[in-house]
file protein_3.cif (mmCIF, C-alpha atoms)
data_run
loop_
_atom_site.label_atom_id
_atom_site.label_comp_id
_atom_site.auth_asym_id
_atom_site.auth_seq_id
_atom_site.Cartn_x
_atom_site.Cartn_y
_atom_site.Cartn_z
CA MET A 1 1.93 -6.24 44.94
CA LEU A 2 0.26 -6.02 41.60
CA THR A 3 2.25 -2.99 40.51
CA THR A 4 5.57 -4.53 41.49
CA ASN A 5 4.66 -7.64 39.57
CA LYS A 6 3.81 -5.47 36.62
CA GLN A 7 7.13 -3.68 36.88
CA LYS A 8 8.95 -6.99 37.10
CA TYR A 9 7.09 -8.22 34.08
CA GLN A 10 7.95 -5.07 32.16
CA GLN A 11 11.61 -5.54 33.05
CA LEU A 12 11.52 -9.15 32.03
CA ALA A 13 9.74 -8.31 28.80
CA THR A 14 12.23 -5.64 27.79
CA GLU A 15 15.12 -7.97 28.62
CA HIS A 16 13.75 -10.67 26.40
CA ASP A 17 12.60 -8.28 23.71
CA LYS A 18 14.61 -9.14 20.65
CA LYS A 19 16.78 -6.32 19.38
CA ARG A 20 15.69 -5.64 15.85
CA PRO A 21 18.54 -5.70 13.35
CA LEU A 22 17.65 -2.33 11.89
CA LEU A 23 20.26 -2.07 9.15
CA ARG A 24 19.67 -5.61 7.89
CA ASN A 25 15.90 -5.09 7.87
CA CYS A 26 16.28 -1.84 5.94
CA ILE A 27 18.57 -3.40 3.33
CA ARG A 28 16.15 -6.29 2.85
CA ALA A 29 13.18 -3.92 2.61
CA PHE A 30 15.06 -1.80 0.09
CA LEU A 31 16.04 -4.74 -2.13
CA VAL A 32 12.68 -6.51 -2.12
CA GLY A 33 10.62 -3.30 -2.33
CA GLY A 34 12.82 -2.01 -5.12
CA THR A 35 12.51 -5.31 -6.98
CA ILE A 36 8.71 -5.26 -6.75
CA CYS A 37 8.69 -1.70 -8.13
CA LEU A 38 11.09 -2.77 -10.87
CA ILE A 39 8.72 -5.60 -11.82
CA GLY A 40 5.92 -3.02 -11.79
CA GLN A 41 7.96 -0.81 -14.11
CA CYS A 42 8.50 -3.74 -16.50
CA ILE A 43 4.73 -4.42 -16.52
CA SER A 44 4.05 -0.70 -17.15
CA PHE A 45 6.53 -0.76 -20.00
CA PHE A 46 4.79 -3.78 -21.46
CA TYR A 47 1.39 -2.04 -21.31
CA MET A 48 2.75 1.21 -22.75
CA TYR A 49 4.54 -0.60 -25.55
CA PHE A 50 1.83 -3.03 -26.64
CA PHE A 51 -1.33 -1.13 -25.65
CA ASP A 52 -2.35 2.51 -25.81
CA PHE A 53 -1.51 3.54 -22.27
CA THR A 54 0.33 6.71 -21.36
CA GLU A 55 2.69 7.21 -18.45
CA GLN A 56 -0.16 8.72 -16.41
CA THR A 57 -2.79 6.05 -17.09
CA VAL A 58 -0.57 2.98 -16.96
CA GLY A 59 -0.75 2.82 -13.14
CA ASP A 60 -4.16 1.12 -13.10
CA PRO A 61 -3.44 -1.95 -15.26
CA THR A 62 -0.05 -2.31 -13.56
CA THR A 63 -1.69 -2.34 -10.13
CA ALA A 64 -4.28 -4.89 -11.24
CA THR A 65 -1.61 -7.15 -12.74
CA LEU A 66 0.54 -6.96 -9.61
CA ILE A 67 -2.44 -7.84 -7.42
CA PHE A 68 -3.23 -10.79 -9.71
CA ILE A 69 0.33 -12.07 -9.27
CA THR A 70 -0.07 -11.51 -5.52
CA MET A 71 -3.20 -13.65 -5.50
CA ILE A 72 -1.32 -16.62 -6.93
CA LEU A 73 1.67 -16.15 -4.62
CA THR A 74 -0.59 -15.73 -1.58
CA GLY A 75 -2.66 -18.78 -2.45
CA LEU A 76 0.44 -20.92 -2.82
CA GLY A 77 1.83 -19.58 0.47
CA ILE A 78 4.88 -18.03 -1.18
CA TYR A 79 4.02 -14.42 -0.31
CA ASP A 80 4.16 -15.17 3.41
CA LYS A 81 7.69 -16.43 3.04
CA ILE A 82 8.71 -13.32 1.09
CA ALA A 83 7.06 -11.16 3.77
CA GLN A 84 9.00 -12.88 6.55
CA PHE A 85 12.22 -12.07 4.78
CA ALA A 86 11.40 -8.59 3.52
CA GLY A 87 9.31 -6.94 6.25
CA ALA A 88 8.12 -3.59 4.94
CA GLY A 89 9.66 -4.37 1.54
CA SER A 90 6.71 -6.57 0.68
CA ALA A 91 4.11 -4.75 2.81
CA VAL A 92 4.49 -1.20 1.47
CA PRO A 93 4.02 -1.88 -2.28
CA VAL A 94 0.45 -2.32 -3.46
CA THR A 95 1.08 -6.08 -3.45
CA GLY A 96 1.12 -5.89 0.36
CA PHE A 97 -2.33 -4.30 0.31
CA GLY A 98 -3.49 -7.05 -2.06
CA ASN A 99 -1.94 -9.70 0.15
CA ALA A 100 -3.74 -8.34 3.23
CA VAL A 101 -7.11 -8.52 1.44
CA ILE A 102 -6.55 -11.85 -0.30
CA SER A 103 -5.04 -13.69 2.68
CA SER A 104 -7.91 -12.69 4.99
CA ALA A 105 -10.39 -13.75 2.30
CA ILE A 106 -8.77 -17.18 1.92
CA GLU A 107 -8.24 -17.62 5.65
CA HIS A 108 -11.88 -17.04 6.60
CA ARG A 109 -13.29 -19.11 3.78
CA SER A 110 -14.20 -21.98 6.10
CA GLU A 111 -16.67 -19.67 7.90
CA GLY A 112 -18.70 -19.35 4.72
CA PHE A 113 -18.72 -16.80 1.95
CA VAL A 114 -20.95 -14.17 3.58
CA GLN A 115 -19.96 -14.38 7.24
CA GLY A 116 -16.38 -15.42 6.52
CA VAL A 117 -14.98 -14.08 3.27
CA GLY A 118 -17.29 -11.09 2.92
CA ALA A 119 -17.09 -9.94 6.51
CA ASN A 120 -13.34 -10.40 6.97
CA MET A 121 -11.93 -9.39 3.59
CA PHE A 122 -11.03 -5.86 4.73
CA LYS A 123 -10.16 -6.76 8.29
CA LEU A 124 -6.52 -5.73 7.83
CA ALA A 125 -6.70 -3.48 4.79
CA GLY A 126 -9.76 -1.57 5.96
CA SER A 127 -7.77 0.92 8.01
CA VAL A 128 -5.67 1.79 4.96
CA ILE A 129 -8.82 2.60 2.99
CA LEU A 130 -10.39 4.49 5.90
CA PHE A 131 -7.42 6.75 6.59
CA GLY A 132 -6.62 7.12 2.91
CA VAL A 133 -10.14 8.20 2.03
CA PHE A 134 -10.60 10.45 5.04
CA SER A 135 -7.25 12.23 4.73
CA ALA A 136 -7.79 12.62 0.98
CA PHE A 137 -11.21 14.12 1.72
CA VAL A 138 -9.78 16.65 4.17
CA ILE A 139 -6.86 17.58 1.91
CA ALA A 140 -8.99 17.91 -1.23
CA LEU A 141 -11.50 19.97 0.74
CA ILE A 142 -8.82 22.37 1.99
CA LYS A 143 -7.28 22.66 -1.46
CA THR A 144 -10.64 23.26 -3.17
CA ALA A 145 -11.52 25.88 -0.55
CA LEU A 146 -8.16 27.61 -1.09
CA ILE A 147 -8.61 27.57 -4.86
CA ASN A 148 -12.15 28.94 -4.57
CA LEU A 149 -11.00 31.67 -2.21
CA GLY A 150 -8.29 32.57 -4.70
CA VAL A 151 -5.37 31.88 -2.36
CA ILE A 152 -3.66 29.49 -4.79
CA MET B 1 17.00 4.91 -16.77
CA VAL B 2 13.49 5.01 -15.36
CA PHE B 3 13.95 1.34 -14.40
CA LEU B 4 16.85 2.22 -12.10
CA TRP B 5 14.95 5.11 -10.52
CA ALA B 6 11.89 2.90 -10.06
CA PHE B 7 14.06 0.47 -8.11
CA ILE B 8 15.73 3.15 -5.99
CA VAL B 9 12.66 5.27 -5.22
CA GLY B 10 10.44 2.25 -4.59
CA GLY B 11 13.07 0.72 -2.34
CA ALA B 12 13.53 4.00 -0.48
CA ILE B 13 9.79 4.26 0.26
CA CYS B 14 9.90 0.69 1.63
CA VAL B 15 12.86 1.64 3.83
CA ILE B 16 10.83 4.55 5.23
CA GLY B 17 8.07 2.04 6.03
CA GLN B 18 10.59 -0.31 7.67
CA LEU B 19 11.94 2.56 9.79
CA ILE B 20 8.44 3.50 10.98
CA MET B 21 7.88 -0.15 11.93
CA ASP B 22 11.23 -0.72 13.68
CA VAL B 23 12.18 2.64 15.18
CA PHE B 24 8.72 3.72 16.36
CA ASN B 25 7.58 0.14 16.99
CA LYS B 26 4.37 0.38 14.97
CA THR B 27 2.28 -2.38 13.42
CA PRO B 28 2.27 -2.84 9.62
CA GLY B 29 -1.35 -1.63 9.56
CA PHE B 30 -0.38 1.65 11.22
CA THR B 31 2.62 2.04 8.91
CA LEU B 32 0.56 1.53 5.76
CA SER B 33 -2.13 3.94 6.95
CA LEU B 34 0.50 6.56 7.73
CA LEU B 35 2.13 6.14 4.31
CA VAL B 36 -1.23 6.54 2.59
CA VAL B 37 -1.83 9.77 4.50
CA ILE B 38 1.67 10.99 3.57
CA GLY B 39 0.95 10.20 -0.09
CA ALA B 40 -2.30 12.16 0.10
CA ILE B 41 -0.53 15.17 1.65
CA LEU B 42 2.26 15.04 -0.96
CA ASP B 43 -0.33 15.15 -3.74
CA GLY B 44 -2.15 17.96 -1.96
CA ILE B 45 0.95 20.13 -2.18
CA GLY B 46 1.63 18.91 -5.71
CA TRP B 47 4.84 16.94 -5.18
CA TYR B 48 3.64 13.45 -6.05
CA GLU B 49 2.99 14.02 -9.74
CA PRO B 50 6.61 15.03 -10.47
CA LEU B 51 7.76 11.98 -8.53
CA ILE B 52 5.68 9.71 -10.79
CA ASP B 53 7.14 11.38 -13.90
CA PHE B 54 10.59 10.82 -12.46
CA ALA B 55 10.38 7.32 -11.00
CA GLY B 56 7.44 5.69 -12.81
CA ALA B 57 6.39 2.51 -11.03
CA GLY B 58 8.75 3.40 -8.17
CA ALA B 59 6.14 5.97 -7.18
CA THR B 60 2.92 4.28 -8.39
CA VAL B 61 3.48 0.81 -6.91
CA PRO B 62 4.04 1.73 -3.22
CA ILE B 63 0.87 2.27 -1.20
CA THR B 64 1.58 6.03 -1.01
CA SER B 65 0.22 6.30 -4.56
CA PHE B 66 -3.14 5.16 -3.17
CA GLY B 67 -3.44 8.38 -1.17
CA ASN B 68 -2.16 10.32 -4.16
CA SER B 69 -4.80 8.98 -6.53
CA LEU B 70 -7.59 9.45 -3.98
CA VAL B 71 -6.76 13.16 -3.71
CA HIS B 72 -6.33 13.32 -7.46
CA GLY B 73 -9.79 11.93 -8.18
CA ALA B 74 -11.36 14.21 -5.59
CA LEU B 75 -9.69 17.32 -7.03
CA GLN B 76 -10.55 16.39 -10.61
CA GLU B 77 -14.22 16.02 -9.74
CA ALA B 78 -14.11 19.17 -7.61
CA GLU B 79 -13.03 21.13 -10.66
CA GLN B 80 -16.21 20.07 -12.43
CA PHE B 81 -18.82 19.96 -9.69
CA GLY B 82 -17.42 22.17 -6.98
CA ILE B 83 -17.20 21.15 -3.35
CA ILE B 84 -19.57 18.15 -3.72
CA GLY B 85 -17.14 16.59 -6.18
CA VAL B 86 -14.63 16.20 -3.34
CA ALA B 87 -16.79 13.53 -1.77
CA THR B 88 -18.09 11.88 -4.95
CA GLY B 89 -14.96 11.80 -7.12
CA MET B 90 -12.62 10.16 -4.65
CA PHE B 91 -12.58 6.68 -6.18
CA GLU B 92 -12.55 7.94 -9.76
CA VAL B 93 -8.83 7.34 -10.27
CA THR B 94 -7.99 4.81 -7.59
CA SER B 95 -10.73 2.27 -8.35
CA ALA B 96 -8.33 -0.15 -10.08
CA GLY B 97 -6.43 -1.10 -6.93
CA ILE B 98 -9.49 -1.70 -4.77
CA SER B 99 -11.61 -3.42 -7.40
CA ALA B 100 -8.68 -5.66 -8.40
CA ALA B 101 -8.07 -6.52 -4.74
CA ILE B 102 -11.74 -7.41 -4.19
CA ILE B 103 -12.09 -9.42 -7.41
CA PHE B 104 -8.88 -11.38 -7.00
CA ALA B 105 -9.53 -11.95 -3.29
CA MET B 106 -12.89 -13.52 -4.18
CA ILE B 107 -11.32 -15.65 -6.93
CA GLY B 108 -8.52 -16.60 -4.55
CA ALA B 109 -11.03 -17.63 -1.89
CA LEU B 110 -12.82 -19.76 -4.48
CA ILE B 111 -9.67 -21.49 -5.74
CA PHE B 112 -7.34 -21.83 -2.76
CA LYS B 113 -7.82 -23.66 0.51
CA PRO B 114 -6.66 -22.02 3.75
CA LYS B 115 -3.33 -23.32 5.04
CA GLY B 116 -2.76 -24.84 8.47
#
call {"tool": "encode", "arguments": {"input": "protein_3.cif", "output": "structure tokens"}}
result
Amino acid sequence: MLTTNKQKYQQLATEHDKKRPLLRNCIRAFLVGGTICLIGQCISFFYMYFFDFTEQTVGDPTTATLIFITMILTGLGIYDKIAQFAGAGSAVPVTGFGNAVISSAIEHRSEGFVQGVGANMFKLAGSVILFGVFSAFVIALIKTALINLGVI
Amino acid sequence: MVFLWAFIVGGAICVIGQLIMDVFNKTPGFTLSLLVVIGAILDGIGWYEPLIDFAGAGATVPITSFGNSLVHGALQEAEQFGIIGVATGMFEVTSAGISAAIIFAMIGALIFKPKG
């Protein structure tokens, strides 16, 4: 009885599962993601032109500036609206990482600054840091070992 | 010219993220983690640096650059201190993104009230 109910539910769920408009989503992601990177490029250009940053070092101040802009947009609730429209276009750039951290910080503020903000800040973005750090560790370890062994 | 390539390459990386989300039905958290790992692998085989030279912010702004700079810091430190540097040098290059996120998240939590 239970299994048939489950099967029925599965059927019902797949029937009502909205078909995702793949092409439209991709175009939106491309346009919004591209625009965010273009803004990033303008900020980089600004830093390279007015300060002594090179093409290799300009990434850091650009990232920080973009996350600052994200903070304001997230706080005013504008970033959520962009995210609804853009999907991955606003999630994949570093602003999406910033938004994940900042929105969970603001959201859990009512639970206090230690138990709420501090404990929940990396609730969403933590997995990105975990897998980034661990995979980077493994890859750098392999590469260092290969270099030391004289393979590359 | 680099502005155009920043737009195209950055947009293309976002499309890859959108495809992972829609075609393989993954959550945004999974997608971002996967992209970071891809970025780390690309830097491991030495392909990410040329992409940054070519596309500028189109390669540094997407989250893939996070994995790239983690590997970069680890390898830089490994050159100096050997295998221990792999563990200690990881955040050398990438600290800006994380510290900015933490600082601005705290400021944001101080200024803004939660919605709804």
call {"tool": "closest_atom_pairs", "arguments": {"input": "protein_3.cif", "of": "chain B", "to": "chain A", "cutoff": "7 Å", "atoms": "all atoms listed in the file", "output": "CSV"}}
result
residue,atom,partner,partner_atom,distance
B:Phe3,CA,A:Leu38,CA,6.1
B:Ala6,CA,A:Leu38,CA,5.8
B:Phe7,CA,A:Gly34,CA,4.1
B:Ile8,CA,A:Gly34,CA,6.0
B:Gly10,CA,A:Gly34,CA,4.9
B:Gly11,CA,A:Gly34,CA,3.9
B:Ala12,CA,A:Phe30,CA,6.0
B:Cys14,CA,A:Gly89,CA,5.1
B:Val15,CA,A:Cys26,CA,5.3
B:Gly17,CA,A:Ala88,CA,5.7
B:Gln18,CA,A:Ala88,CA,4.9
B:Asp22,CA,A:Leu22,CA,6.9
B:Gly29,CA,A:Leu124,CA,6.8
B:Leu32,CA,A:Val128,CA,6.3
B:Ser33,CA,A:Val128,CA,4.6
B:Val36,CA,A:Gly132,CA,5.4
B:Val37,CA,A:Gly132,CA,5.7
B:Ala40,CA,A:Ala136,CA,5.6
B:Ile41,CA,A:Ile139,CA,6.8
B:Gly44,CA,A:Ile139,CA,6.1
B:Gly56,CA,A:Gln41,CA,6.6
B:Ala57,CA,A:Gln41,CA,4.8
B:Gly58,CA,A:Cys37,CA,5.1
B:Thr60,CA,A:Gly59,CA,6.2
B:Val61,CA,A:Pro93,CA,5.4
B:Pro62,CA,A:Pro93,CA,3.7
B:Ile63,CA,A:Val94,CA,5.1
B:Gly67,CA,A:Gly132,CA,5.3
B:Leu70,CA,A:Ala136,CA,5.9
B:Val71,CA,A:Ala136,CA,4.8
B:Ala74,CA,A:Ala140,CA,6.2
B:Leu75,CA,A:Ala140,CA,5.9
B:Ala78,CA,A:Thr144,CA,7.0
B:Ile83,CA,A:Thr144,CA,6.9
B:Val86,CA,A:Ala140,CA,6.3
B:Ala87,CA,A:Phe137,CA,6.6
B:Ala96,CA,A:Asp60,CA,5.3
B:Gly97,CA,A:Thr63,CA,5.9
B:Ala100,CA,A:Ala64,CA,5.3
B:Ala101,CA,A:Gly98,CA,5.3
B:Phe104,CA,A:Phe68,CA,6.3
B:Ala105,CA,A:Ile102,CA,4.2
B:Met106,CA,A:Ala105,CA,6.9
B:Gly108,CA,A:Met71,CA,6.2
B:Ala109,CA,A:Ile106,CA,4.5
B:Phe112,CA,A:Gly75,CA,5.6
B:Lys113,CA,A:Ile106,CA,6.7
B:Pro114,CA,A:Glu107,CA,5.0
call {"tool": "atom_distance", "arguments": {"input": "protein_3.cif", "atom1": "CA of Ile98 (chain B)", "atom2": "CA of Leu146 (chain A)"}}
result
29.6 Å
call {"tool": "atom_distance", "arguments": {"input": "protein_3.cif", "atom1": "CA of Met90 (chain B)", "atom2": "CA of Gly73 (chain B)"}}
result
4.9 Å
call {"tool": "atom_distance", "arguments": {"input": "protein_3.cif", "atom1": "CA of Gly46 (chain B)", "atom2": "CA of Asn68 (chain B)"}}
result
9.5 Å
call {"tool": "decode", "arguments": {"input": "protein_3.cif", "residues": "region 39-71 of chain B", "atoms": "N, CA, C and O atoms", "output": "mmCIF file, in the first residue's frame"}}
result
data_model
loop_
_atom_site.group_PDB
_atom_site.id
_atom_site.type_symbol
_atom_site.label_atom_id
_atom_site.label_comp_id
_atom_site.auth_asym_id
_atom_site.auth_seq_id
_atom_site.Cartn_x
_atom_site.Cartn_y
_atom_site.Cartn_z
ATOM 1 N N GLY B 39 37.643 25.064 -11.033
ATOM 2 C CA GLY B 39 38.635 26.140 -11.085
ATOM 3 C C GLY B 39 39.971 25.699 -10.507
ATOM 4 O O GLY B 39 41.028 26.011 -11.056
ATOM 5 N N ALA B 40 39.904 24.936 -9.396
ATOM 6 C CA ALA B 40 41.138 24.459 -8.770
ATOM 7 C C ALA B 40 41.872 23.500 -9.707
ATOM 8 O O ALA B 40 43.095 23.579 -9.860
ATOM 9 N N ILE B 41 41.114 22.608 -10.371
ATOM 10 C CA ILE B 41 41.744 21.645 -11.285
ATOM 11 C C ILE B 41 42.378 22.386 -12.466
ATOM 12 O O ILE B 41 43.507 22.095 -12.864
ATOM 13 N N LEU B 42 41.634 23.384 -13.016
ATOM 14 C CA LEU B 42 42.164 24.129 -14.163
ATOM 15 C C LEU B 42 43.471 24.833 -13.806
ATOM 16 O O LEU B 42 44.382 24.916 -14.626
ATOM 17 N N ASP B 43 43.556 25.352 -12.563
ATOM 18 C CA ASP B 43 44.815 25.985 -12.185
ATOM 19 C C ASP B 43 45.906 24.949 -11.978
ATOM 20 O O ASP B 43 47.067 25.206 -12.283
ATOM 21 N N GLY B 44 45.502 23.769 -11.489
ATOM 22 C CA GLY B 44 46.473 22.697 -11.279
ATOM 23 C C GLY B 44 47.169 22.308 -12.571
ATOM 24 O O GLY B 44 48.366 22.047 -12.587
ATOM 25 N N ILE B 45 46.407 22.295 -13.684
ATOM 26 C CA ILE B 45 47.032 21.945 -14.962
ATOM 27 C C ILE B 45 47.506 23.189 -15.719
ATOM 28 O O ILE B 45 47.958 23.091 -16.857
ATOM 29 N N GLY B 46 47.370 24.360 -15.058
ATOM 30 C CA GLY B 46 47.972 25.565 -15.625
ATOM 31 C C GLY B 46 47.182 26.247 -16.720
ATOM 32 O O GLY B 46 47.737 26.982 -17.518
ATOM 33 N N TRP B 47 45.855 26.039 -16.741
ATOM 34 C CA TRP B 47 45.050 26.670 -17.792
ATOM 35 C C TRP B 47 44.352 27.933 -17.332
ATOM 36 O O TRP B 47 43.818 28.671 -18.141
ATOM 37 N N TYR B 48 44.302 28.162 -16.010
ATOM 38 C CA TYR B 48 43.486 29.291 -15.551
ATOM 39 C C TYR B 48 44.205 30.620 -15.727
ATOM 40 O O TYR B 48 43.582 31.620 -16.069
ATOM 41 N N GLU B 49 45.503 30.597 -15.522
ATOM 42 C CA GLU B 49 46.296 31.826 -15.649
ATOM 43 C C GLU B 49 46.179 32.446 -17.046
ATOM 44 O O GLU B 49 45.933 33.646 -17.171
ATOM 45 N N PRO B 50 46.334 31.650 -18.114
ATOM 46 C CA PRO B 50 46.129 32.225 -19.455
ATOM 47 C C PRO B 50 44.727 32.786 -19.655
ATOM 48 O O PRO B 50 44.555 33.802 -20.336
ATOM 49 N N LEU B 51 43.740 32.130 -19.028
ATOM 50 C CA LEU B 51 42.361 32.612 -19.155
ATOM 51 C C LEU B 51 42.207 33.989 -18.516
ATOM 52 O O LEU B 51 41.511 34.863 -19.053
ATOM 53 N N ILE B 52 42.880 34.217 -17.374
ATOM 54 C CA ILE B 52 42.822 35.518 -16.717
ATOM 55 C C ILE B 52 43.491 36.582 -17.594
ATOM 56 O O ILE B 52 42.975 37.688 -17.754
ATOM 57 N N ASP B 53 44.635 36.234 -18.191
ATOM 58 C CA ASP B 53 45.311 37.178 -19.085
ATOM 59 C C ASP B 53 44.412 37.547 -20.252
ATOM 60 O O ASP B 53 44.430 38.677 -20.736
ATOM 61 N N PHE B 54 43.617 36.581 -20.680
ATOM 62 C CA PHE B 54 42.796 36.762 -21.873
ATOM 63 C C PHE B 54 41.500 37.510 -21.552
ATOM 64 O O PHE B 54 41.133 38.451 -22.248
ATOM 65 N N ALA B 55 40.838 37.118 -20.474
ATOM 66 C CA ALA B 55 39.492 37.639 -20.215
ATOM 67 C C ALA B 55 39.407 38.567 -19.010
ATOM 68 O O ALA B 55 38.336 39.101 -18.737
ATOM 69 N N GLY B 56 40.488 38.783 -18.291
ATOM 70 C CA GLY B 56 40.459 39.706 -17.157
ATOM 71 C C GLY B 56 39.411 39.318 -16.131
ATOM 72 O O GLY B 56 39.384 38.187 -15.658
ATOM 73 N N ALA B 57 38.516 40.278 -15.817
ATOM 74 C CA ALA B 57 37.505 40.046 -14.801
ATOM 75 C C ALA B 57 36.535 38.935 -15.196
ATOM 76 O O ALA B 57 35.877 38.360 -14.330
ATOM 77 N N GLY B 58 36.438 38.619 -16.495
ATOM 78 C CA GLY B 58 35.596 37.505 -16.914
ATOM 79 C C GLY B 58 36.041 36.195 -16.305
ATOM 80 O O GLY B 58 35.247 35.270 -16.152
ATOM 81 N N ALA B 59 37.318 36.116 -15.936
ATOM 82 C CA ALA B 59 37.835 34.901 -15.300
ATOM 83 C C ALA B 59 38.033 35.075 -13.806
ATOM 84 O O ALA B 59 37.982 34.104 -13.063
ATOM 85 N N THR B 60 38.248 36.326 -13.321
ATOM 86 C CA THR B 60 38.507 36.496 -11.888
ATOM 87 C C THR B 60 37.235 36.685 -11.086
ATOM 88 O O THR B 60 37.224 36.404 -9.887
ATOM 89 N N VAL B 61 36.152 37.173 -11.708
ATOM 90 C CA VAL B 61 34.933 37.429 -10.948
ATOM 91 C C VAL B 61 34.112 36.156 -10.680
ATOM 92 O O VAL B 61 33.614 35.985 -9.569
ATOM 93 N N PRO B 62 33.949 35.227 -11.632
ATOM 94 C CA PRO B 62 33.217 33.999 -11.304
ATOM 95 C C PRO B 62 33.897 33.202 -10.194
ATOM 96 O O PRO B 62 35.112 33.322 -9.996
ATOM 97 N N ILE B 63 33.117 32.397 -9.500
ATOM 98 C CA ILE B 63 33.595 31.698 -8.302
ATOM 99 C C ILE B 63 34.716 30.708 -8.622
ATOM 100 O O ILE B 63 35.480 30.334 -7.730
ATOM 101 N N THR B 64 34.857 30.323 -9.895
ATOM 102 C CA THR B 64 35.936 29.412 -10.287
ATOM 103 C C THR B 64 37.308 29.975 -9.913
ATOM 104 O O THR B 64 38.231 29.222 -9.621
ATOM 105 N N SER B 65 37.422 31.319 -9.919
ATOM 106 C CA SER B 65 38.714 31.926 -9.606
ATOM 107 C C SER B 65 39.076 31.703 -8.144
ATOM 108 O O SER B 65 40.244 31.801 -7.765
ATOM 109 N N PHE B 66 38.066 31.413 -7.320
ATOM 110 C CA PHE B 66 38.313 31.111 -5.906
ATOM 111 C C PHE B 66 39.166 29.846 -5.788
ATOM 112 O O PHE B 66 40.182 29.838 -5.076
ATOM 113 N N GLY B 67 38.776 28.797 -6.524
ATOM 114 C CA GLY B 67 39.572 27.571 -6.525
ATOM 115 C C GLY B 67 40.951 27.815 -7.102
ATOM 116 O O GLY B 67 41.959 27.309 -6.599
ATOM 117 N N ASN B 68 40.979 28.637 -8.169
ATOM 118 C CA ASN B 68 42.251 28.964 -8.808
ATOM 119 C C ASN B 68 43.213 29.621 -7.827
ATOM 120 O O ASN B 68 44.362 29.209 -7.691
ATOM 121 N N SER B 69 42.717 30.635 -7.082
ATOM 122 C CA SER B 69 43.653 31.347 -6.211
ATOM 123 C C SER B 69 44.028 30.520 -4.990
ATOM 124 O O SER B 69 45.118 30.695 -4.437
ATOM 125 N N LEU B 70 43.145 29.597 -4.558
ATOM 126 C CA LEU B 70 43.520 28.704 -3.459
ATOM 127 C C LEU B 70 44.712 27.846 -3.856
ATOM 128 O O LEU B 70 45.697 27.728 -3.129
ATOM 129 N N VAL B 71 44.627 27.234 -5.053
ATOM 130 C CA VAL B 71 45.732 26.399 -5.530
ATOM 131 C C VAL B 71 46.985 27.246 -5.715
ATOM 132 O O VAL B 71 48.095 26.833 -5.371
#
